[in-house]
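K.L.:
start.cif is reproduced in full below (mmCIF, C-alpha atoms).
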```cif
data_model
#
loop_
_atom_site.label_atom_id
_atom_site.label_comp_id
_atom_site.auth_asym_id
_atom_site.auth_seq_id
_atom_site.Cartn_x
_atom_site.Cartn_y
_atom_site.Cartn_z
CA MET A 1 16.63 -31.52 -16.62
CA ALA A 2 16.99 -28.81 -13.98
CA GLU A 3 14.23 -26.26 -13.65
CA PRO A 4 15.22 -22.86 -15.10
CA SER A 5 16.01 -20.21 -12.50
CA ASP A 6 13.71 -17.26 -11.91
CA ARG A 7 16.34 -15.01 -13.40
CA ALA A 8 16.49 -17.06 -16.61
CA LEU A 9 12.70 -17.00 -16.87
CA VAL A 10 12.59 -13.23 -16.36
CA GLU A 11 15.24 -12.73 -19.03
CA ARG A 12 13.36 -14.94 -21.46
CA THR A 13 10.14 -13.07 -20.72
CA ARG A 14 11.88 -9.77 -21.40
CA ARG A 15 12.96 -11.16 -24.76
CA GLY A 16 9.28 -11.72 -25.56
CA GLN A 17 8.90 -15.41 -24.65
CA GLU A 18 5.59 -15.23 -22.83
CA GLU A 19 5.51 -18.93 -22.00
CA ALA A 20 8.49 -18.29 -19.68
CA TYR A 21 6.28 -15.89 -17.77
CA GLY A 22 3.69 -18.67 -17.57
CA GLN A 23 6.26 -20.75 -15.69
CA LEU A 24 6.88 -17.90 -13.27
CA VAL A 25 3.13 -17.59 -12.71
CA GLU A 26 2.86 -21.29 -11.91
CA ARG A 27 5.85 -21.07 -9.59
CA TYR A 28 4.48 -18.16 -7.54
CA GLN A 29 0.72 -18.42 -7.90
CA THR A 30 0.20 -20.00 -4.46
CA SER A 31 2.23 -17.44 -2.53
CA VAL A 32 0.72 -14.54 -4.48
CA LEU A 33 -2.76 -15.94 -4.03
CA ASN A 34 -2.21 -16.16 -0.27
CA VAL A 35 -0.96 -12.57 -0.04
CA CYS A 36 -4.17 -11.51 -1.77
CA TYR A 37 -6.29 -13.83 0.34
CA ARG A 38 -4.91 -12.46 3.61
CA LEU A 39 -5.48 -8.91 2.44
CA MET A 40 -8.77 -9.27 0.58
CA GLY A 41 -10.33 -11.88 2.85
CA GLU A 42 -12.34 -13.65 0.16
CA ARG A 43 -11.14 -16.34 -2.17
CA GLN A 44 -12.71 -15.06 -5.38
CA ALA A 45 -11.43 -11.52 -4.80
CA ALA A 46 -8.03 -12.99 -3.97
CA GLU A 47 -7.91 -14.96 -7.22
CA ASP A 48 -8.91 -11.89 -9.22
CA GLN A 49 -6.26 -9.73 -7.59
CA ALA A 50 -3.60 -12.43 -7.90
CA GLN A 51 -4.23 -12.60 -11.63
CA GLU A 52 -4.14 -8.81 -11.87
CA ALA A 53 -0.90 -8.75 -9.90
CA PHE A 54 0.76 -11.05 -12.43
CA LEU A 55 -0.48 -8.86 -15.28
CA ARG A 56 0.87 -5.72 -13.64
CA ALA A 57 4.15 -7.35 -12.80
CA TYR A 58 4.53 -8.39 -16.43
CA ARG A 59 3.98 -4.85 -17.63
CA ARG A 60 6.53 -3.56 -15.12
CA LEU A 61 9.05 -6.29 -15.63
CA GLU A 62 11.47 -3.72 -17.05
CA THR A 63 11.60 -2.06 -13.61
CA PHE A 64 12.43 -5.34 -11.84
CA GLN A 65 16.08 -5.53 -10.78
CA ILE A 66 17.24 -8.82 -12.20
CA GLU A 67 19.81 -9.46 -9.48
CA ARG A 68 17.12 -9.46 -6.82
CA PRO A 69 14.80 -12.40 -6.06
CA PHE A 70 11.56 -12.46 -8.02
CA GLY A 71 9.34 -13.92 -5.28
CA PRO A 72 9.42 -11.00 -2.82
CA TRP A 73 8.98 -8.56 -5.69
CA ILE A 74 5.87 -10.18 -7.10
CA ARG A 75 4.40 -10.58 -3.61
CA ARG A 76 4.99 -6.91 -2.96
CA VAL A 77 3.30 -5.99 -6.23
CA ALA A 78 0.33 -8.10 -5.11
CA ALA A 79 0.26 -6.51 -1.64
CA ASN A 80 0.34 -3.01 -3.09
CA LEU A 81 -2.38 -3.84 -5.56
CA CYS A 82 -4.67 -5.28 -2.87
CA LEU A 83 -4.00 -2.37 -0.55
CA ASN A 84 -5.00 0.10 -3.26
CA VAL A 85 -8.15 -1.87 -4.00
CA LEU A 86 -9.03 -1.95 -0.30
CA LYS A 87 -8.42 1.78 0.06
CA ALA A 88 -10.65 2.49 -2.93
CA SER A 89 -13.42 0.13 -1.86
CA GLY A 90 -14.12 1.73 1.53
CA PRO A 91 -15.22 -0.24 4.58
CA VAL A 92 -14.05 -3.81 4.82
CA LYS A 93 -16.60 -6.55 4.24
CA LEU A 94 -16.30 -9.63 6.39
CA PRO A 95 -16.98 -13.01 4.86
CA LEU A 96 -19.71 -15.05 6.48
CA ASP A 97 -18.52 -18.11 8.36
CA GLU A 98 -19.91 -20.50 5.76
CA GLU A 99 -18.22 -18.54 2.99
CA ARG A 100 -14.78 -18.82 4.48
CA ASP A 101 -12.41 -20.99 2.56
CA LEU A 102 -11.36 -24.33 3.78
CA PRO A 103 -7.61 -24.43 4.23
CA GLY A 104 -5.49 -26.20 1.67
CA GLU A 105 -3.24 -29.18 2.18
CA ARG A 106 -2.35 -30.02 5.75
CA THR A 107 0.51 -31.93 7.14
CA TRP A 108 -1.04 -33.09 10.42
CA THR A 109 -2.39 -36.54 10.65
CA ASP A 110 -3.94 -36.45 14.12
CA PRO A 111 -7.55 -35.34 13.55
CA GLU A 112 -7.72 -33.50 16.88
CA ILE A 113 -4.51 -31.56 16.27
CA ARG A 114 -5.67 -30.85 12.75
CA ARG A 115 -9.02 -29.54 13.99
CA GLN A 116 -7.38 -27.30 16.59
CA GLN A 117 -4.87 -25.98 14.11
CA SER A 118 -7.61 -25.31 11.61
CA GLU A 119 -9.68 -23.45 14.21
CA ARG A 120 -6.67 -21.34 15.23
CA SER A 121 -5.88 -20.61 11.63
CA GLN A 122 -9.45 -19.53 10.93
CA ALA A 123 -9.52 -17.39 14.06
CA VAL A 124 -6.33 -15.58 13.05
CA HIS A 125 -7.55 -15.16 9.48
CA GLY A 126 -10.89 -13.84 10.76
CA ALA A 127 -9.15 -11.42 13.14
CA LEU A 128 -6.93 -10.17 10.32
CA GLN A 129 -10.00 -9.41 8.23
CA THR A 130 -11.45 -7.17 10.93
CA LEU A 131 -8.38 -4.92 10.94
CA PRO A 132 -8.32 -1.71 8.90
CA PRO A 133 -6.48 -2.17 5.57
CA HIS A 134 -3.29 -0.39 6.68
CA TYR A 135 -2.97 -2.60 9.76
CA ARG A 136 -3.58 -5.67 7.62
CA ALA A 137 -0.93 -4.47 5.20
CA VAL A 138 1.71 -3.93 7.85
CA ILE A 139 1.02 -7.38 9.35
CA GLU A 140 1.23 -8.92 5.89
CA LEU A 141 4.52 -7.24 5.05
CA ARG A 142 6.17 -7.96 8.41
CA HIS A 143 4.88 -11.42 9.30
CA TYR A 144 4.35 -13.07 5.93
CA GLN A 145 6.74 -11.26 3.63
CA GLU A 146 9.27 -10.72 6.44
CA LEU A 147 10.25 -7.24 5.33
CA SER A 148 12.35 -5.04 7.60
CA TYR A 149 10.85 -1.87 9.04
CA LYS A 150 12.77 0.11 6.44
CA GLU A 151 11.42 -1.98 3.57
CA ILE A 152 7.88 -1.72 4.95
CA GLY A 153 8.31 2.05 5.11
CA GLN A 154 9.45 2.14 1.50
CA THR A 155 6.56 -0.05 0.38
CA LEU A 156 3.84 1.85 2.20
CA ASN A 157 5.49 5.25 2.00
CA TRP A 158 5.69 5.52 5.78
CA THR A 159 8.39 6.82 8.07
CA LEU A 160 10.12 4.35 10.39
CA ASN A 161 8.14 5.74 13.30
CA GLU A 162 4.88 5.23 11.43
CA VAL A 163 5.89 1.64 10.70
CA ARG A 164 6.67 1.02 14.39
CA THR A 165 3.47 2.65 15.59
CA ASN A 166 1.17 0.97 13.09
CA LEU A 167 2.77 -2.42 13.56
CA TYR A 168 2.45 -2.07 17.31
CA ARG A 169 -1.21 -1.06 17.08
CA ALA A 170 -2.03 -3.76 14.55
CA ARG A 171 -0.50 -6.42 16.79
CA GLN A 172 -2.27 -5.03 19.84
CA ALA A 173 -5.55 -5.20 17.95
CA MET A 174 -4.82 -8.77 16.87
CA ALA A 175 -3.93 -9.73 20.45
CA GLU A 176 -7.19 -8.25 21.74
CA LEU A 177 -9.23 -9.97 19.04
CA LEU A 178 -7.62 -13.31 19.74
CA GLU A 179 -7.61 -13.03 23.52
CA GLY A 180 -8.85 -16.22 25.14
CA LEU A 181 -8.51 -18.24 21.97
CA ASP A 182 -5.12 -19.69 22.88
CA VAL A 183 -3.52 -18.19 19.82
CA MET B 1 16.68 1.52 31.02
CA SER B 2 13.60 1.60 33.28
CA ASP B 3 12.50 -1.35 35.43
CA HIS B 4 10.78 -3.19 32.58
CA LEU B 5 10.91 -3.23 28.81
CA THR B 6 8.12 -1.48 26.95
CA GLU B 7 5.95 -3.55 24.61
CA SER B 8 7.28 -1.52 21.71
CA GLN B 9 10.86 -2.41 22.73
CA ILE B 10 9.94 -6.06 23.01
CA MET B 11 8.40 -6.06 19.55
CA SER B 12 11.36 -4.30 18.00
CA TRP B 13 13.67 -6.79 19.71
CA LEU B 14 11.66 -9.76 18.44
CA ASP B 15 11.71 -8.21 14.96
CA GLY B 16 15.49 -7.74 15.16
CA GLU B 17 15.05 -4.01 14.69
CA LEU B 18 16.84 -2.69 17.77
CA PRO B 19 20.28 -1.11 17.40
CA PRO B 20 23.00 -3.57 18.55
CA ALA B 21 23.68 -1.83 21.88
CA GLU B 22 20.00 -1.66 22.79
CA ALA B 23 19.46 -5.25 21.66
CA ASP B 24 22.29 -6.32 23.90
CA SER B 25 20.93 -4.53 26.96
CA THR B 26 17.46 -5.94 26.21
CA ARG B 27 18.87 -9.46 26.11
CA ARG B 28 20.67 -8.90 29.42
CA HIS B 29 17.49 -7.53 30.99
CA LEU B 30 15.54 -10.59 29.87
CA GLU B 31 18.04 -12.86 31.58
CA SER B 32 16.91 -11.54 34.92
CA CYS B 33 13.30 -10.36 34.49
CA ALA B 34 10.59 -13.02 34.52
CA GLN B 35 7.85 -10.46 33.90
CA CYS B 36 9.39 -9.24 30.65
CA VAL B 37 10.15 -12.81 29.59
CA ALA B 38 6.44 -13.56 30.01
CA GLN B 39 5.62 -10.57 27.82
CA VAL B 40 8.06 -11.79 25.18
CA ALA B 41 6.44 -15.24 25.29
CA ARG B 42 2.98 -13.69 24.91
CA TRP B 43 4.00 -11.81 21.77
CA GLN B 44 5.88 -14.79 20.39
CA THR B 45 2.73 -16.88 20.71
CA LEU B 46 0.79 -14.28 18.77
CA PHE B 47 3.47 -14.09 16.08
CA GLU B 48 3.43 -17.88 15.74
CA GLY B 49 -0.34 -17.79 15.47
CA ILE B 50 -0.15 -15.21 12.72
CA ALA B 51 2.50 -17.20 10.88
CA GLY B 52 0.46 -20.37 11.28
CA VAL B 53 -2.44 -19.31 9.09
CA GLU B 54 -2.88 -22.19 6.68
CA PRO B 55 -2.34 -21.35 3.03
CA ILE B 56 -5.06 -21.85 0.47
CA ARG B 57 -4.19 -23.51 -2.80
CA LEU B 58 -5.34 -23.38 -6.36
CA GLN B 59 -6.37 -26.62 -7.99
CA HIS B 60 -5.55 -25.23 -11.41
CA SER B 61 -2.79 -23.20 -13.04
CA MET B 62 -3.36 -19.48 -13.29
CA ALA B 63 -0.89 -19.23 -16.17
CA PRO B 64 -3.28 -19.80 -19.12
CA ALA B 65 -5.62 -17.05 -17.91
CA VAL B 66 -2.73 -14.63 -17.33
CA LEU B 67 -1.13 -15.35 -20.70
CA SER B 68 -4.41 -14.96 -22.59
CA GLN B 69 -4.94 -11.59 -20.88
CA LEU B 70 -1.41 -10.54 -21.80
CA LYS B 71 -2.20 -11.19 -25.44
CA ALA B 72 -5.45 -9.25 -25.14
CA ARG B 73 -3.81 -6.33 -23.32
CA PRO B 74 -0.46 -5.42 -24.86
CA ARG B 75 2.01 -3.46 -22.79
CA LEU B 76 1.09 0.12 -22.07
CA GLY B 77 4.36 1.52 -23.45
CA ARG B 78 3.88 -0.16 -26.81
CA ARG B 79 0.28 1.04 -27.02
CA LEU B 80 1.25 4.58 -26.12
CA ALA B 81 4.01 4.57 -28.72
CA TRP B 82 1.56 3.48 -31.40
CA LEU B 83 -0.95 6.04 -30.22
CA ALA B 84 1.63 8.80 -30.28
CA ALA B 85 2.64 7.92 -33.83
CA ILE B 86 -0.98 7.85 -34.99
CA GLN B 87 -1.77 11.14 -33.27
CA LEU B 88 1.26 12.86 -34.76
CA ALA B 89 0.41 11.58 -38.23
CA LEU B 90 -3.23 12.65 -37.86
CA GLY B 91 -2.19 16.05 -36.52
CA ALA B 92 0.18 16.61 -39.45
CA LEU B 93 -2.52 15.60 -41.94
CA VAL B 94 -5.12 17.90 -40.40
CA VAL B 95 -2.78 20.88 -40.26
CA GLY B 96 -1.59 20.28 -43.83
CA TYR B 97 -5.13 19.94 -45.07
CA LEU B 98 -6.35 23.10 -43.36
CA LEU B 99 -3.46 25.12 -44.71
CA THR B 100 -3.45 23.90 -48.29
CA ALA B 101 -6.72 22.28 -49.36
CA PRO B 102 -8.24 24.38 -52.18
CA ASN B 103 -11.70 22.92 -51.67
CA VAL B 104 -11.72 24.15 -48.08
CA LEU B 105 -10.93 27.65 -49.27
CA ALA B 106 -13.53 27.35 -52.04
CA TRP B 107 -16.11 26.13 -49.53
CA GLN B 108 -15.42 29.10 -47.30
CA ALA B 109 -15.76 31.45 -50.29
CA GLU B 110 -19.11 29.88 -51.24
CA LEU B 111 -20.40 30.29 -47.72
CA GLY B 112 -19.19 33.88 -47.79
CA ASP B 113 -21.10 34.49 -51.01
CA ALA B 114 -24.19 33.10 -49.32
CA GLY B 115 -23.79 35.65 -46.54
CA PHE B 116 -22.19 33.43 -43.92
CA ASP B 117 -18.54 33.51 -43.10
CA PRO B 118 -17.66 30.65 -40.76
CA SER B 119 -14.13 31.90 -40.39
CA ASP B 120 -15.49 35.19 -39.04
CA TRP B 121 -17.72 33.34 -36.62
CA TRP B 122 -14.96 31.07 -35.39
CA ALA B 123 -12.48 33.92 -35.35
CA GLY B 124 -14.89 36.07 -33.33
CA LEU B 125 -15.46 33.33 -30.80
CA ALA B 126 -11.78 32.48 -30.58
CA ALA B 127 -10.78 36.16 -30.40
CA GLN B 128 -13.09 36.63 -27.46
CA ALA B 129 -11.64 33.60 -25.70
CA GLN B 130 -8.16 34.79 -26.49
CA ALA B 131 -8.91 38.31 -25.24
CA GLU B 132 -10.03 36.79 -21.94
CA ALA B 133 -6.92 34.65 -21.77
CA ILE B 134 -4.68 37.60 -22.59
CA ALA B 135 -6.39 39.73 -19.96
CA LEU B 136 -5.79 36.98 -17.43
CA GLY B 137 -2.21 36.64 -18.64
CA GLN B 138 -1.68 40.38 -18.21
CA GLU B 139 -3.05 40.20 -14.69
CA LEU B 140 -0.71 37.33 -13.90
CA GLN B 141 2.17 39.16 -15.52
CA MET B 142 1.46 42.22 -13.42
CA LEU B 143 1.44 40.10 -10.29
CA ALA B 144 4.66 38.45 -11.43
CA GLN B 145 6.25 41.87 -11.98
CA GLN B 146 5.27 42.85 -8.47
CA ALA B 147 6.73 39.61 -7.15
CA GLY B 148 9.88 40.03 -9.27
CA LEU B 149 9.50 36.64 -10.99
CA ALA B 150 11.21 35.73 -14.27
CA MET B 151 7.92 35.28 -16.14
CA ALA B 152 7.42 39.04 -15.93
CA ASN B 153 9.68 39.37 -18.99
CA LEU B 154 7.68 36.98 -21.21
CA ASP B 155 5.71 38.36 -24.16
CA VAL B 156 1.95 37.97 -24.06
CA PRO B 157 0.89 36.42 -27.43
CA SER B 158 -0.76 38.60 -30.05
CA THR B 159 -3.96 37.83 -32.01
CA SER B 160 -1.92 36.76 -35.06
CA ASP B 161 -0.80 33.67 -33.11
CA LEU B 162 -4.38 32.49 -32.75
CA PRO B 163 -4.67 29.81 -35.51
CA TRP B 164 -1.46 28.11 -34.48
CA LEU B 165 -2.33 28.28 -30.81
CA GLY B 166 -5.76 26.84 -31.58
CA ILE B 167 -4.33 23.96 -33.59
CA LEU B 168 -1.71 23.24 -30.96
CA ALA B 169 -4.33 23.34 -28.21
CA ALA B 170 -6.61 20.98 -30.15
CA VAL B 171 -3.81 18.48 -30.84
CA GLY B 172 -2.69 18.72 -27.21
CA LEU B 173 -6.22 18.16 -25.95
CA LEU B 174 -6.67 15.18 -28.25
CA TRP B 175 -3.41 13.78 -26.96
CA LEU B 176 -4.35 14.21 -23.30
CA VAL B 177 -7.86 12.85 -23.67
CA THR B 178 -6.87 9.73 -25.58
CA ASN B 179 -3.90 8.99 -23.35
CA GLY B 180 -6.02 9.58 -20.27
CA TRP B 181 -8.61 7.20 -21.65
CA LEU B 182 -5.94 4.62 -22.31
CA LEU B 183 -4.54 4.94 -18.78
CA ARG B 184 -8.00 4.66 -17.33
CA GLN B 185 -8.50 1.44 -19.26
CA GLU B 186 -5.27 0.16 -17.79
CA GLN B 187 -5.61 1.27 -14.18
CA GLY B 188 -9.06 2.58 -13.38
CA TRP B 189 -9.85 6.12 -12.36
CA GLY B 190 -8.97 5.63 -8.69
CA ARG B 191 -5.33 4.80 -9.37
CA LEU B 192 -5.08 7.42 -12.09
CA LEU B 193 -6.39 10.24 -9.91
CA THR B 194 -4.50 9.31 -6.76
CA GLY B 195 -1.24 8.79 -8.62
CA SER B 196 -0.65 5.54 -6.77
CA GLN B 197 0.62 4.00 -10.00
CA SER B 198 3.90 5.80 -9.81
CA LYS B 199 4.34 4.84 -6.18
CA GLU B 200 3.72 1.23 -6.94
CA ALA B 201 6.06 1.29 -9.91
CA ARG B 202 8.73 2.79 -7.68
CA ASN B 203 8.20 0.20 -5.00
CA GLY B 204 7.92 -2.66 -7.40
#
```
Please, can you express the file's structure as structure tokens?
P.N.:
Amino acid sequence: MAEPSDRALVERTRRGQEEAYGQLVERYQTSVLNVCYRLMGERQAAEDQAQEAFLRAYRRLETFQIERPFGPWIRRVAANLCLNVLKASGPVKLPLDEERDLPGERTWTDPEIRRQQSERSQAVHGALQTLPPHYRAVIELRHYQELSYKEIGQTLNWTLNEVRTNLYRARQAMAELLEGLDV
Amino acid sequence: MSDHLTESQIMSWLDGELPPAEADSTRRHLESCAQCVAQVARWQTLFEGIAGVEPIRLQHSMAPAVLSQLKARPRLGRRLAWLAAIQLALGALVVGYLLTAPNVLAWQAELGDAGFDPSDWWAGLAAQAQAEAIALGQELQMLAQQAGLAMANLDVPSTSDLPWLGILAAVGLLWLVTNGWLLRQEQGWGRLLTGSQSKEARNG
């Protein structure tokens, strides 16, 4: 039997069938978790915020436009939630090296390539965590959620010029942090 | 266009955010400028590095935890609707009781016989507060008259309005406090005070 579409699951959830929402959670938990992980920097905080994002999305499901895809919407809810938490929590805490999460499944079989890729990935993740929250947010929305400048502006309540400037500065900062690391 | 592309132009081009004419001239420039091509390659490498961050995965489903929380925390709208109904019912009961209950009147009479009139005490306190409010209102009205605003024509309430104003104020305060408490439970003070909730709801 074919999997129900996101739209069908949203409609069933709106009719009060909560188990349909459970299916949506399972479908998007990895991508939502990773949005939170990139923004929060720590796995436990990311899991907490991912769960909270699903709760908030459920309560605002009436505002979701059914003809639009669910994935980008829920990821944006998660990004907004994390950004607000980061703003409220003040300076960013960096995880210690030994606390950093090991990456999930990998597709490389060559151990050397796998090691290099893992090191690069950790370096980029570490560099992201040193950025101020608004730089992290703009990188998240552009590079991972692939939003246009206009959509980023709507999400963060920025003008197009602010989007351009902050994205430029965030990337410059990333480039400086990763200089010499062949990333 | 100057000799070389700016980094900002290169980024906008890579993001597909340049207007068509400018994108076209950028592409033509890149066909003949090795230095700018090198810059493009540098940024592309960074973008690939950013995109290449390995995802983390959950070994378990988050759904049971989310669904159990949904059951424990019903939707805000439903809770507010219930709260509003309860508050209205309570408000109506209190007002009805104060206006009609014979034992309340008898109790006041007994206290009066004993030399204490609570209604006088409350009325005195409230009258003083009202006098202050009216004085402030008159000041504001005077300012409004000077400024030619529409509120200059409003009537300042008289002392006979006091009980009703007091009851309305109390019900309103109860409403605000309980709803504020409920919102705080839902969102935390930070979001409530900064108003970021509405922004997030708008953005989805």
K.L.:
Using all atoms listed in the file, collect all residues at a distance of at most 10 Å from (7.6, -0.3, 12.2) as written in the file, then present them as JSON, numbers by chain.
P.N.:
{"A": [138, 142, 148, 149, 150, 151, 152, 153, 158, 159, 160, 161, 162, 163, 164, 165, 166, 167, 168], "B": [8, 11, 12, 15, 17]}
K.L.:
With distances taken over all atoms listed in the file, which of A:Gly22, A:Val35, A:Leu141, A:Ala50 is nearest to chain B?
P.N.:
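Nearest to chain B: A:Gly22.
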K.L.:
Would you work out the distance separating atom CA of Leu67 of chain B from atom CA of Ala53 of chain A, expressed in Å to one decimal?
P.N.:
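Computing the Euclidean distance for atom CA of Leu67 of chain B and atom CA of Ala53 of chain A yields 12.7 Å.
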K.L.:
Return the single residue from B:Glu7, B:Glu31, B:Asp24, B:Glu139 that is closest to chain A, with distances computed using only C-alpha atoms.
P.N.:
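Checking each of B:Glu7, B:Glu31, B:Asp24, B:Glu139 against chain A, counting only C-alpha atoms, the winner is B:Glu7.
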K.L.:
Using all atoms listed in the file, find the one residue out of A:Ala79, A:Cys36, A:Leu55, A:Ile66 that sits nearest to chain B.
P.N.:
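Smallest distance to chain B is found for A:Leu55.
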K.L.:
For each of B:Glu54, B:Ala114, B:Val95, B:Gln146, take the minimum atom-to-atom distance to Gly166 of chain B, counting only C-alpha atoms, then give the residue where this is smallest.
P.N.:
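Nearest candidate to Gly166 of chain B out of B:Glu54, B:Ala114, B:Val95, B:Gln146: B:Val95.
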K.L.:
Work out how far apart atom CA of Ala126 of chain B and atom CA of Gln138 of chain B are and give it in Å to one decimal.
P.N.:
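Going from atom CA of Ala126 of chain B over to atom CA of Gln138 of chain B, I get 17.8 Å.
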K.L.:
With only C-alpha atoms as the atoms that count, which of A:Gln65, A:Gln172, A:Gln51, A:Gln116 lies nearest to chain B?
P.N.:
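The answer is A:Gln51, which sits nearest to chain B.
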K.L.:
Using the chain letters and numbering of this document, enumerate as number ranges by chain the residues selected by the PyMOL selection byres ((chain A and resi 120-137) around 8).
P.N.:
A: 38-41, 79, 83, 86-87, 92, 94, 116-119, 138-141, 166-167, 169-170, 173-174, 177-178, 181-183; B: 49-50, 52-54
K.L.:
Any chance you could work out the residue set of the PyMOL selection byres ((chain B and resi 70) around 12) here, as a list in words?
P.N.:
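Selection result, ordered by chain and number: Thr13, Gly16, Gln17, Glu18, Glu19, Tyr21, Gly22, Gln51, Glu52, Phe54, Leu55, Arg56, Ala57, Tyr58 and Arg59 of chain A; Ala63, Pro64, Ala65, Val66, Leu67, Ser68, Gln69, Lys71, Ala72, Arg73, Pro74, Arg75 and Leu76 of chain B.
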K.L.:
Can you tell me which residues surround segment 33-38 of chain B at a distance of at most 10 Å, considering only C-alpha atoms, apart from same-chain residues fewer than 2 positions away, and format the answer as a ChimeraX atom specification?
P.N.:
/B:3-7,10,26-31,40-44
K.L.:
Any chance you could export the current selection's C-alpha atoms as a compact mmCIF listing (two decimals), keeping the file's coordinate frame?
P.N.:
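Contents of again.txt, as written:
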```txt
# COMPACT_ATOMS: atom_id res chain seq x y z
CA ASP B 3 12.50 -1.35 35.43
CA HIS B 4 10.78 -3.19 32.58
CA LEU B 5 10.91 -3.23 28.81
CA THR B 6 8.12 -1.48 26.95
CA GLU B 7 5.95 -3.55 24.61
CA ILE B 10 9.94 -6.06 23.01
CA THR B 26 17.46 -5.94 26.21
CA ARG B 27 18.87 -9.46 26.11
CA ARG B 28 20.67 -8.90 29.42
CA HIS B 29 17.49 -7.53 30.99
CA LEU B 30 15.54 -10.59 29.87
CA GLU B 31 18.04 -12.86 31.58
CA VAL B 40 8.06 -11.79 25.18
CA ALA B 41 6.44 -15.24 25.29
CA ARG B 42 2.98 -13.69 24.91
CA TRP B 43 4.00 -11.81 21.77
CA GLN B 44 5.88 -14.79 20.39
```
K.L.:
Between atom CA of Val25 of chain A and atom CA of Ser61 of chain B, what distance in Å does the model show, to one decimal?
P.N.:
8.2 Å
K.L.:
Between B:Leu168, B:Leu46, B:Leu182, B:Leu90, single out the one closest to chain A, counting only C-alpha atoms.
P.N.:
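Comparing B:Leu168, B:Leu46, B:Leu182, B:Leu90 against chain A, the winner is B:Leu46.
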K.L.:
Applied to this file, what does the PyMOL selection byres ((chain A and resi 33) around 8) return in terms of residues, put as a PyMOL selection string?
P.N.:
(chain A and resi 29-32+34-37+46-47+49-50) or (chain B and resi 56-57)
K.L.:
Around all the atoms of segment 87-93 of chain B listed in the file, with 8 Å of room on each side, what axis-aligned box do you get, giving centre and edge lengths in Å to one decimal, as JSON?
P.N.:
```
{"center_x": -1.0, "center_y": 13.9, "center_z": -37.6, "size_x": 20.5, "size_y": 21.5, "size_z": 24.7}
```
